[in-house]
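In what follows, a single structure is set out as structure tokens and then discussed.
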Amino acid sequence: MAWFRKDKSGLAQQEKKNIPEGLWTKCKSCGEVVYGKKMEELLWVCPNCDYHFRITSQRYIELLLDNGTLEEYDLTLTSQDPLKFKDSKKYPDRIKAAQLKTGKKEGGISGISSINEIKVSFAIMNFEYIGGSMGSVVGEKIARAIERAIDMELPLIIVSCSGGARMQEGILSLMQMAKHRHCLQSLPKRKFHIFLS
Ligand SMILES: [Zn+2]
């Protein structure tokens, strides 16, 4: 049987070689192999099982907002290291690596944009930046996006794609949720607000 196994693996390798890399995507849920351009058309939802692939924050921005209308706010906010936290890496080193990887100072993107020419306050977490985790800066950016919606009387759109609280900032991360709850209570009810996750 050894010759048979060898043959089979050779065949599999041959087939693999015939699929140009990056053109096809395999569904993580059902294993269906779908042409990459088709996945783009389907907004990265598997046609076989409806599995939603993770897409980048940039792709969300392209899909949801009017092209080129996002005016980003709070671009200069950066995380401090209040706990002098260190696991396999020092927290400031982790921040620097994430900044290099994403070209962004922090893990949230927020600002004013429009959808079908309707002005909106928008915020999204950036999963590529330490798993989109919410530390004090991401939390503050979201709180300010809510406050802008209140002050400017705009609909609020928040896309949550986060791994959770950023452990490197401990309780300061967890406190952000209480802050958001407080801000959200002041949102005018008559406006249209969307929270995606
Ligand atoms: Zn699938």
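Each chain in the structure tokens gets a letter, A, B and so on, in the order shown; residues start at 1 in every chain, and ligands are counted from 1 in the order they appear.
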
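Using only C-alpha atoms and all ligand atoms, we find that the residues with an atom at most 7 Å from any atom of ligand 1 are Cys27, Lys28, Ser29, Cys30, Gly31, Glu32, Cys46, Pro47, Asn48, Cys49, Asp50 and Tyr51 of chain A.
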
Please identify all polymer residues within 12 Å of region 76-78 of chain A, counting only C-alpha atoms, omitting same-chain residues fewer than 6 positions from it, and present them as a PyMOL selection string.
-> chain A and resi 92+95-96+98-99+104-110+135-141+144

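Shortest separation to Gln58 (chain A) among A:Glu128, A:Glu117, A:Glu169, A:Asp81 occurs at residue A:Glu128, atoms counted being only C-alpha atoms.
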
| message | Considering only strand (DSSP E or B) as DSSP defines it on the backbone, what residues of region 23-195 of chain A qualify? List them as a PyMOL selection string. | response | chain A and resi 24-26+33-35+45+52+71-72+86+90+108-115+118-125+134+156-159+165+194-195

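Between CA of Leu65 (chain A) and CA of Glu40 (chain A) there is a distance of 16.6 Å.
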
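When CA of Asn126 (chain A) is paired with CA of Ser88 (chain A), their separation reads 22.0 Å.
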
Contacts of His180 (chain A) at 12 Å or less, counting only C-alpha atoms, minus same-chain residues fewer than 3 places along, as a PyMOL selection string? chain A and resi 134+136+138-147+158+173-177+183-187

Kindly export the residues of the current selection with N, CA and C atoms, as a PDB file, in the first residue's frame.
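Generated file (selection.pdb):
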ATOM      1  N   MET A 134     -10.110  46.718  24.010  1.00  0.00           N
ATOM      2  CA  MET A 134     -10.479  48.060  24.464  1.00  0.00           C
ATOM      3  C   MET A 134      -9.722  48.459  25.717  1.00  0.00           C
ATOM      4  N   SER A 136      -7.933  52.187  27.559  1.00  0.00           N
ATOM      5  CA  SER A 136      -8.481  53.504  27.876  1.00  0.00           C
ATOM      6  C   SER A 136      -8.634  54.381  26.626  1.00  0.00           C
ATOM      7  N   VAL A 138      -9.101  53.351  23.262  1.00  0.00           N
ATOM      8  CA  VAL A 138     -10.224  52.871  22.435  1.00  0.00           C
ATOM      9  C   VAL A 138     -11.543  53.240  23.117  1.00  0.00           C
ATOM     10  N   GLY A 139     -11.583  53.046  24.442  1.00  0.00           N
ATOM     11  CA  GLY A 139     -12.789  53.394  25.206  1.00  0.00           C
ATOM     12  C   GLY A 139     -13.120  54.871  25.105  1.00  0.00           C
ATOM     13  N   GLU A 140     -12.087  55.704  25.215  1.00  0.00           N
ATOM     14  CA  GLU A 140     -12.301  57.151  25.146  1.00  0.00           C
ATOM     15  C   GLU A 140     -12.768  57.566  23.745  1.00  0.00           C
ATOM     16  N   LYS A 141     -12.184  56.940  22.719  1.00  0.00           N
ATOM     17  CA  LYS A 141     -12.595  57.268  21.342  1.00  0.00           C
ATOM     18  C   LYS A 141     -14.074  56.936  21.114  1.00  0.00           C
ATOM     19  N   ILE A 142     -14.505  55.801  21.650  1.00  0.00           N
ATOM     20  CA  ILE A 142     -15.910  55.414  21.482  1.00  0.00           C
ATOM     21  C   ILE A 142     -16.817  56.363  22.276  1.00  0.00           C
ATOM     22  N   ALA A 143     -16.390  56.692  23.502  1.00  0.00           N
ATOM     23  CA  ALA A 143     -17.179  57.629  24.309  1.00  0.00           C
ATOM     24  C   ALA A 143     -17.318  58.972  23.589  1.00  0.00           C
ATOM     25  N   ARG A 144     -16.219  59.442  22.984  1.00  0.00           N
ATOM     26  CA  ARG A 144     -16.276  60.728  22.272  1.00  0.00           C
ATOM     27  C   ARG A 144     -17.160  60.631  21.032  1.00  0.00           C
ATOM     28  N   ALA A 145     -17.151  59.444  20.362  1.00  0.00           N
ATOM     29  CA  ALA A 145     -18.025  59.261  19.188  1.00  0.00           C
ATOM     30  C   ALA A 145     -19.496  59.356  19.624  1.00  0.00           C
ATOM     31  N   ILE A 146     -19.802  58.798  20.798  1.00  0.00           N
ATOM     32  CA  ILE A 146     -21.182  58.882  21.321  1.00  0.00           C
ATOM     33  C   ILE A 146     -21.509  60.342  21.644  1.00  0.00           C
ATOM     34  N   GLU A 147     -20.557  61.029  22.295  1.00  0.00           N
ATOM     35  CA  GLU A 147     -20.793  62.436  22.666  1.00  0.00           C
ATOM     36  C   GLU A 147     -20.971  63.316  21.431  1.00  0.00           C
ATOM     37  N   ILE A 158     -21.682  52.178  15.582  1.00  0.00           N
ATOM     38  CA  ILE A 158     -20.503  51.579  16.213  1.00  0.00           C
ATOM     39  C   ILE A 158     -20.359  50.136  15.724  1.00  0.00           C
ATOM     40  N   SER A 173      -9.390  49.388  31.658  1.00  0.00           N
ATOM     41  CA  SER A 173     -10.107  48.871  30.485  1.00  0.00           C
ATOM     42  C   SER A 173     -11.561  48.581  30.834  1.00  0.00           C
ATOM     43  N   LEU A 174     -11.761  47.918  31.967  1.00  0.00           N
ATOM     44  CA  LEU A 174     -13.131  47.546  32.353  1.00  0.00           C
ATOM     45  C   LEU A 174     -13.996  48.776  32.625  1.00  0.00           C
ATOM     46  N   MET A 175     -13.359  49.831  33.135  1.00  0.00           N
ATOM     47  CA  MET A 175     -14.108  51.056  33.441  1.00  0.00           C
ATOM     48  C   MET A 175     -14.720  51.707  32.204  1.00  0.00           C
ATOM     49  N   GLN A 176     -14.160  51.414  31.033  1.00  0.00           N
ATOM     50  CA  GLN A 176     -14.651  52.045  29.800  1.00  0.00           C
ATOM     51  C   GLN A 176     -16.114  51.703  29.545  1.00  0.00           C
ATOM     52  N   MET A 177     -16.486  50.477  29.908  1.00  0.00           N
ATOM     53  CA  MET A 177     -17.869  50.053  29.625  1.00  0.00           C
ATOM     54  C   MET A 177     -18.863  50.851  30.462  1.00  0.00           C
ATOM     55  N   CYS A 183     -22.630  57.437  28.834  1.00  0.00           N
ATOM     56  CA  CYS A 183     -22.785  58.284  27.632  1.00  0.00           C
ATOM     57  C   CYS A 183     -24.041  57.892  26.852  1.00  0.00           C
ATOM     58  N   LEU A 184     -24.255  56.577  26.690  1.00  0.00           N
ATOM     59  CA  LEU A 184     -25.367  56.094  25.865  1.00  0.00           C
ATOM     60  C   LEU A 184     -26.725  56.490  26.437  1.00  0.00           C
ATOM     61  N   GLN A 185     -26.770  56.650  27.767  1.00  0.00           N
ATOM     62  CA  GLN A 185     -28.042  57.032  28.391  1.00  0.00           C
ATOM     63  C   GLN A 185     -28.489  58.420  27.941  1.00  0.00           C
ATOM     64  N   SER A 186     -27.532  59.241  27.474  1.00  0.00           N
ATOM     65  CA  SER A 186     -27.880  60.600  27.038  1.00  0.00           C
ATOM     66  C   SER A 186     -28.212  60.677  25.550  1.00  0.00           C
ATOM     67  N   LEU A 187     -28.111  59.544  24.831  1.00  0.00           N
ATOM     68  CA  LEU A 187     -28.398  59.567  23.387  1.00  0.00           C
ATOM     69  C   LEU A 187     -29.861  59.899  23.145  1.00  0.00           C
TER      70      LEU A 187
END

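All residues of protein, DNA or RNA that reach within 9 Å of Thr69 (chain A), judged by only C-alpha atoms and not counting those fewer than 5 positions away in the chain, are A:Ile112, A:Ser113, A:Ser114, A:Ile115.
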
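The interatomic distance for the pair CA of Gln168 (chain A) and CA of Ser79 (chain A) works out to 10.3 Å.
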
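Shortest atom-to-atom contact with Phe53 (chain A) among A:Gln80, A:Ser160, A:Thr25, A:Asn67: A:Thr25, counting only C-alpha atoms.
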
- Surrounding residues of Val159 (chain A) excluding itself and chain neighbours under 3 positions, 7 Å, only C-alpha atoms, as a VMD selection string: chain A and resid 123 to 125 195 to 197

Next, the residues of the selection above should be written as a short mmCIF file (atom, residue, chain, number, x, y, z; two decimals), in the first residue's frame with N, CA and C atoms.
data_model
loop_
_atom_site.label_atom_id
_atom_site.label_comp_id
_atom_site.auth_asym_id
_atom_site.auth_seq_id
_atom_site.Cartn_x
_atom_site.Cartn_y
_atom_site.Cartn_z
N ALA A 123 -17.76 54.82 14.76
CA ALA A 123 -16.58 54.27 15.47
C ALA A 123 -16.47 52.78 15.18
N ILE A 124 -15.23 52.31 15.06
CA ILE A 124 -15.00 50.88 14.81
C ILE A 124 -13.71 50.46 15.53
N MET A 125 -13.70 49.25 16.04
CA MET A 125 -12.46 48.72 16.63
C MET A 125 -11.64 48.05 15.54
N PHE A 195 -25.64 49.37 16.23
CA PHE A 195 -24.47 48.78 16.87
C PHE A 195 -24.24 47.40 16.25
N LEU A 196 -23.14 47.25 15.52
CA LEU A 196 -22.85 45.99 14.83
C LEU A 196 -21.77 45.25 15.57
N SER A 197 -21.88 43.93 15.61
CA SER A 197 -20.77 43.17 16.20
C SER A 197 -20.66 41.83 15.51
#

Could you produce a table of the residues of region 24-76 of chain A lying within 12 Å of region 119-122 of chain A, with the nearest pair of atoms per residue and their separation in Å rounded to one decimal, using only C-alpha atoms, ordered by chain and increasing residue number, as a Markdown table?
| residue | atom | partner | partner_atom | distance |
| --- | --- | --- | --- | --- |
| A:Ser57 | CA | A:Phe122 | CA | 11.9 |
| A:Tyr60 | CA | A:Phe122 | CA | 11.2 |
| A:Ile61 | CA | A:Phe122 | CA | 9.4 |
| A:Leu64 | CA | A:Phe122 | CA | 10.1 |
| A:Leu65 | CA | A:Phe122 | CA | 9.0 |
| A:Asp66 | CA | A:Lys119 | CA | 9.7 |
| A:Thr69 | CA | A:Lys119 | CA | 9.4 |
| A:Leu70 | CA | A:Phe122 | CA | 8.4 |
| A:Glu71 | CA | A:Phe122 | CA | 9.6 |
| A:Glu72 | CA | A:Phe122 | CA | 9.1 |
| A:Tyr73 | CA | A:Phe122 | CA | 10.0 |
